[in-house]
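J.: Pasting in a structure now, in structure tokens, and then I'll have a few things to ask.
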Amino acid sequence: MTTEEATSSVRYYEDLGCWVVWGRDQVQAALQDPHLSSETLDAVNLSYLPADMHGECAHLIETMRRWFVLLDGEKHTEARRAIQPMFSPRRIRRLEETIHVILEEELDKFGRSSRHDAMPDLADNISARTIALLLGLPADQGDLLHTWARPLADFLAVSYRPDYARAAQAALREMADFITNAPAEDGESIWNKAQGSEWDRLATSSMVMFGGLETTAGMIGLALWHMLGNNLTHTIAAATDDEPAKAVVERVLELYAPLGHVARLATQDTTLSGHAIAKDDVVLVSLTGRDLFDHSTPSTPLEQGTDQNRSDHIAFGFGMHYCVGAPLARLTVARLLTLFARRFPNATVSEVNWRVNKTFRGFDRLVLDLQAPAAAALPQR
Ligand code: HEM
């Protein structure tokens with residue numbers, strides 16, 4: 001490798017037959033390039049899945065073909081526009097109090113849990129309950145939501161494995177039953193808002209639900225680990241608002257990107273930072289700030305630094321497909337950090353294990369030592 005290749009933030013990997021782009025400016029340019037399409041299911045996922053699996057997994061494939069995150073142009077815009085009001089700042093503000101109650105309840109349960117593993121015992125429950133709340137779905141089956149999201153995340157990360165494809169298809173079918181049988185309490189359910197044929201609506205509903213689950217749970221684990229490892233708990237606990245916690249949230253998004261990359265396909269010849277990208281080339285756009293194939297997972301958290309509230313990262317993407325769930329994820333995780341810090345100001349990390357999945361990033365274990373709870377001595381919100 002030449003020095004130029006080592007430092008450049010656009011690089012072609014001969015062995016993988018794809019480009020990797022990283023760094024904020026290059027990523028923003030790639031995500032705005034009209035010749036780089038989001039319609040990548042065939043080129044990126046299905047081309048590696050054995051051909052005999054395509055028939056067996058027709059339901060999975062046909063549903064994902066309708067996921068609007070994997071569509072361009074009007075098809076994308078119309079599907080997104082239909083569900084966008086569910087994510088409006090006004091609606092998120094209306095749900096804020098209920099989210100606060102969910103967080104308090106889950107922290108109560110976590111304090112009483114025997115193993116204090118923040119992934120299954122806290123992060124998964126919070127992401128499932130807050131997303132179910134937002135999407136107008138029943139929240140009492142929170143554990144089920146992640147048993148469906150996980151196989152989908154595994155399939156999207158490693159699409160050539162037949163066992164992953166089968167498990168993802170089974171998960172999608174169960175999700176579909178859950179979504180269509182959910183009683184719509186005030187008409188504001190994702191199933192009611194989604195547009196198009198029944199299949200389109202199912203695809204949108206399952207995609208939006210999946211889109212938030214693994215990413216938010218990953219983000220919660222990373223944020224707790226970063227806060228505890230940087231000894232930020234006391235500062236956050238002492239604050240009268242979520243501002244210090246919000247700064248941690250932005251830094252965590254910048255440093256660890258819970259969604260590691262997104263893919264694009266060149267529909268015409270184009271250029272990125274002077275590199276000629278040919279029609280049909282696959283471009284993997286890294287959201288971690290680094291080359292996808294050139295980093296290991298840190299064993300201790302990186303520094304928080306003094307730069308407050310940096311929100312110019314690309315962890316939520318950029319342009320047309322910018323994450324609709326960003327306000328919900330930001331609010332949930334910042335409030336959680338504040339409430340956690342007030343309850344467990346002396347907590348420390350006793351065991352941490354990174355997930356195998358390199359696309360949906362975070363931990364599969366994050367065991368905490370909560371030590372003496374100190375909530376009573378601290379001001380209540
Ligand atoms: C920390 C948490 C989250 C992260 C890091 C994250 C990351 C992202 C990224 C990077 C994209 C852009 C995809 C692309 O350009 O191809 C995206 C899109 C999307 N996200 Fe999120 N997300 C998070 C939370 C959520 C939540 C809570 C929801 C919903 C409840 C959600 C729903 C979506 C949807 C529906 C899209 C597709 C938008 C479109 O195609 O127009 N996300 N997300």
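Following the order of the structure tokens, first chain is A, next is B, and so on, with residues numbered from 1 inside each chain and ligands from 1 in the order they appear.
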Skipping near chain neighbours, those fewer than 6 positions away, what residues fall within 6 Å of region 55-71 of chain A using only C-alpha atoms, listed as a list in words?

T.: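 Surrounding residues, per the criterion: Ser38, Glu39, Gln169, Asp200, Ala203, Thr204 and Met207 of chain A.
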
J.: Among region 126-334 of chain A, which ones does DSSP assign to alpha helix (DSSP H) (computed from the backbone)? Answer as a VMD selection string.

T.: chain A and resid 126 to 135 142 to 157 162 to 180 190 to 193 198 to 229 233 to 238 243 to 256 326 to 334

J.: Could you report the residues within 6 Å of ligand 1, using only C-alpha atoms and all ligand atoms, as a tab-separated table (two decimals) with C-alpha atoms, in the first residue's frame?

T.:
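For reference, part.tsv as written:
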```tsv
chain	number	residue	atom	x	y	z
A	68	PHE	CA	-37.79	2.55	1.60
A	69	VAL	CA	-34.27	2.87	3.01
A	80	ARG	CA	-40.98	8.37	3.93
A	131	ILE	CA	-39.94	2.38	19.70
A	208	VAL	CA	-39.03	1.34	10.56
A	209	MET	CA	-39.36	-0.91	13.61
A	211	GLY	CA	-34.32	0.46	11.93
A	212	GLY	CA	-34.53	1.66	15.52
A	215	THR	CA	-29.18	0.78	16.65
A	216	THR	CA	-30.75	2.31	19.78
A	219	MET	CA	-26.17	3.20	21.31
A	257	ALA	CA	-21.29	4.93	15.18
A	258	PRO	CA	-23.86	2.25	16.20
A	259	LEU	CA	-24.53	1.68	12.46
A	262	VAL	CA	-24.33	2.05	4.61
A	315	ALA	CA	-23.71	8.60	12.55
A	316	PHE	CA	-27.31	9.23	11.42
A	317	GLY	CA	-26.33	9.45	7.75
A	320	MET	CA	-32.32	12.07	1.60
A	321	HIS	CA	-32.04	9.04	3.86
A	322	TYR	CA	-31.04	10.92	7.04
A	323	CYS	CA	-32.33	8.88	9.98
A	324	VAL	CA	-35.96	9.68	10.83
A	325	GLY	CA	-35.48	8.24	14.33
A	326	ALA	CA	-32.57	10.51	15.33
A	328	LEU	CA	-36.11	9.83	19.48
A	329	ALA	CA	-32.73	8.10	19.89
```

J.: Which value, in Å to one decimal, gives the distance between CA of Ile179 (chain A) and CA of Lys358 (chain A)?

T.: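 Separation of CA of Ile179 (chain A) and CA of Lys358 (chain A): 28.3 Å.
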
J.: Let me make sure I understand: among A:Leu253, A:Leu103, A:Leu134, A:Leu265, which one has the smallest atom-to-atom distance to Thr332 (chain A) if we use only C-alpha atoms?

T.: A:Leu103

J.: Check region 61-306 of chain A with DSSP on the backbone and list each residue it calls strand (DSSP E or B), as a CSV table (one decimal) with N, CA, C and O atoms, in the first residue's frame.

T.:
```csv
chain,number,residue,atom,x,y,z
A,117,ASP,N,-26.6,-7.1,33.6
A,117,ASP,CA,-26.0,-7.0,32.3
A,117,ASP,C,-26.9,-6.0,31.5
A,117,ASP,O,-28.0,-6.2,31.2
A,259,LEU,N,-24.4,2.3,13.8
A,259,LEU,CA,-24.5,1.7,12.5
A,259,LEU,C,-23.2,2.0,11.7
A,259,LEU,O,-22.9,3.2,11.5
A,261,HIS,N,-21.8,1.3,8.7
A,261,HIS,CA,-21.7,1.7,7.3
A,261,HIS,C,-23.1,1.6,6.6
A,261,HIS,O,-23.9,0.8,7.1
A,262,VAL,N,-23.2,2.3,5.5
A,262,VAL,CA,-24.3,2.1,4.6
A,262,VAL,C,-23.7,1.8,3.2
A,262,VAL,O,-22.6,2.2,3.0
A,263,ALA,N,-24.5,1.2,2.4
A,263,ALA,CA,-24.0,0.8,1.0
A,263,ALA,C,-24.7,1.7,-0.1
A,263,ALA,O,-25.8,2.1,0.1
A,264,ARG,N,-24.0,1.9,-1.1
A,264,ARG,CA,-24.5,2.6,-2.3
A,264,ARG,C,-24.0,1.9,-3.6
A,264,ARG,O,-22.9,1.2,-3.5
A,265,LEU,N,-24.7,2.0,-4.7
A,265,LEU,CA,-24.4,1.4,-5.9
A,265,LEU,C,-24.3,2.5,-7.0
A,265,LEU,O,-25.3,3.2,-7.2
A,266,ALA,N,-23.2,2.5,-7.8
A,266,ALA,CA,-23.1,3.5,-8.8
A,266,ALA,C,-24.0,3.2,-10.0
A,266,ALA,O,-23.9,2.1,-10.6
A,270,THR,N,-19.0,8.1,-11.9
A,270,THR,CA,-19.0,9.3,-11.1
A,270,THR,C,-17.6,9.5,-10.5
A,270,THR,O,-16.7,8.6,-10.7
A,271,THR,N,-17.4,10.5,-9.7
A,271,THR,CA,-16.1,10.7,-9.0
A,271,THR,C,-16.3,11.0,-7.6
A,271,THR,O,-17.3,11.7,-7.2
A,272,LEU,N,-15.4,10.5,-6.7
A,272,LEU,CA,-15.4,10.8,-5.3
A,272,LEU,C,-14.0,11.2,-5.0
A,272,LEU,O,-13.1,10.4,-5.1
A,275,HIS,N,-11.4,10.2,-7.3
A,275,HIS,CA,-11.4,8.8,-7.7
A,275,HIS,C,-12.5,8.5,-8.7
A,275,HIS,O,-13.7,8.8,-8.4
A,276,ALA,N,-12.2,7.8,-9.8
A,276,ALA,CA,-13.2,7.5,-10.8
A,276,ALA,C,-14.0,6.2,-10.3
A,276,ALA,O,-13.4,5.1,-10.2
A,277,ILE,N,-15.3,6.4,-10.0
A,277,ILE,CA,-16.1,5.3,-9.6
A,277,ILE,C,-16.9,4.9,-10.9
A,277,ILE,O,-17.6,5.7,-11.5
A,282,VAL,N,-19.8,-1.0,-6.3
A,282,VAL,CA,-20.4,-0.9,-5.0
A,282,VAL,C,-19.5,0.0,-4.1
A,282,VAL,O,-18.3,-0.1,-4.1
A,283,VAL,N,-20.1,1.0,-3.4
A,283,VAL,CA,-19.4,1.9,-2.5
A,283,VAL,C,-19.9,1.7,-1.0
A,283,VAL,O,-21.1,1.8,-0.8
A,284,LEU,N,-19.0,1.3,-0.1
A,284,LEU,CA,-19.4,1.1,1.3
A,284,LEU,C,-19.0,2.4,2.0
A,284,LEU,O,-17.9,2.8,2.0
A,285,VAL,N,-20.0,3.1,2.5
A,285,VAL,CA,-19.8,4.4,3.1
A,285,VAL,C,-19.7,4.2,4.6
A,285,VAL,O,-20.7,3.9,5.3
A,286,SER,N,-18.5,4.4,5.2
A,286,SER,CA,-18.3,4.2,6.6
A,286,SER,C,-18.8,5.4,7.4
A,286,SER,O,-18.5,6.5,7.1
```

J.: Show which residues sit within 10 Å of Val367 (chain A), as a list in words. Count only C-alpha atoms, and ignore same-chain residues fewer than 2 positions away.

T.: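 Returned residues: Arg115, His116, Asp117, Ala118, Met119, Pro120, Asp121, Trp225, Thr348, Val349, Ser350, Glu351, Val352, Asn353, Asp364, Arg365, Asp369 and Leu370 of chain A.
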
J.: Give the answer as one residue: which of A:Val20, A:Ile190, A:Val158, A:Leu337 has the shortest atom-to-atom distance to Ile83 (chain A), using only C-alpha atoms?

T.: A:Ile190

J.: Set the distance at 6 Å and use only C-alpha atoms: which residues neighbour Thr359 (chain A) once local chain neighbours fewer than 2 positions away are removed? I'd like the list as a list in words.

T.: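 Counting only C-alpha atoms, the residues come to Ala157, Leu259, Gly260, Asn357 and Arg361 of chain A.
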
J.: Rounded to one decimal place, report the CA of Ala237 (chain A)-CA of Ala128 (chain A) distance in Å.

T.: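 Atom-to-atom, CA of Ala237 (chain A) to CA of Ala128 (chain A), that is 25.1 Å.
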
J.: Between A:Ser206, A:Leu46, A:Leu336, A:Phe363, which residue has the minimum interatomic distance to Glu106 (chain A), considering only C-alpha atoms?

T.: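 Closest residue, counting only C-alpha atoms: A:Leu336.
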
J.: If you count only C-alpha atoms, which residues fall within 10 Å of Ala245 (chain A), apart from same-chain ones fewer than 5 positions away, as a PyMOL selection string?

T.: chain A and resi 223+227+232-233+235-237+239+250-251+309+330-331+333-339+341

J.: Of the candidates A:Gly111, A:Ile92, A:Ile314, A:Arg342, which one gets nearest to Asp241 (chain A) if we count only C-alpha atoms?

T.: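 Of all the options, A:Arg342 lies closest to Asp241 (chain A).
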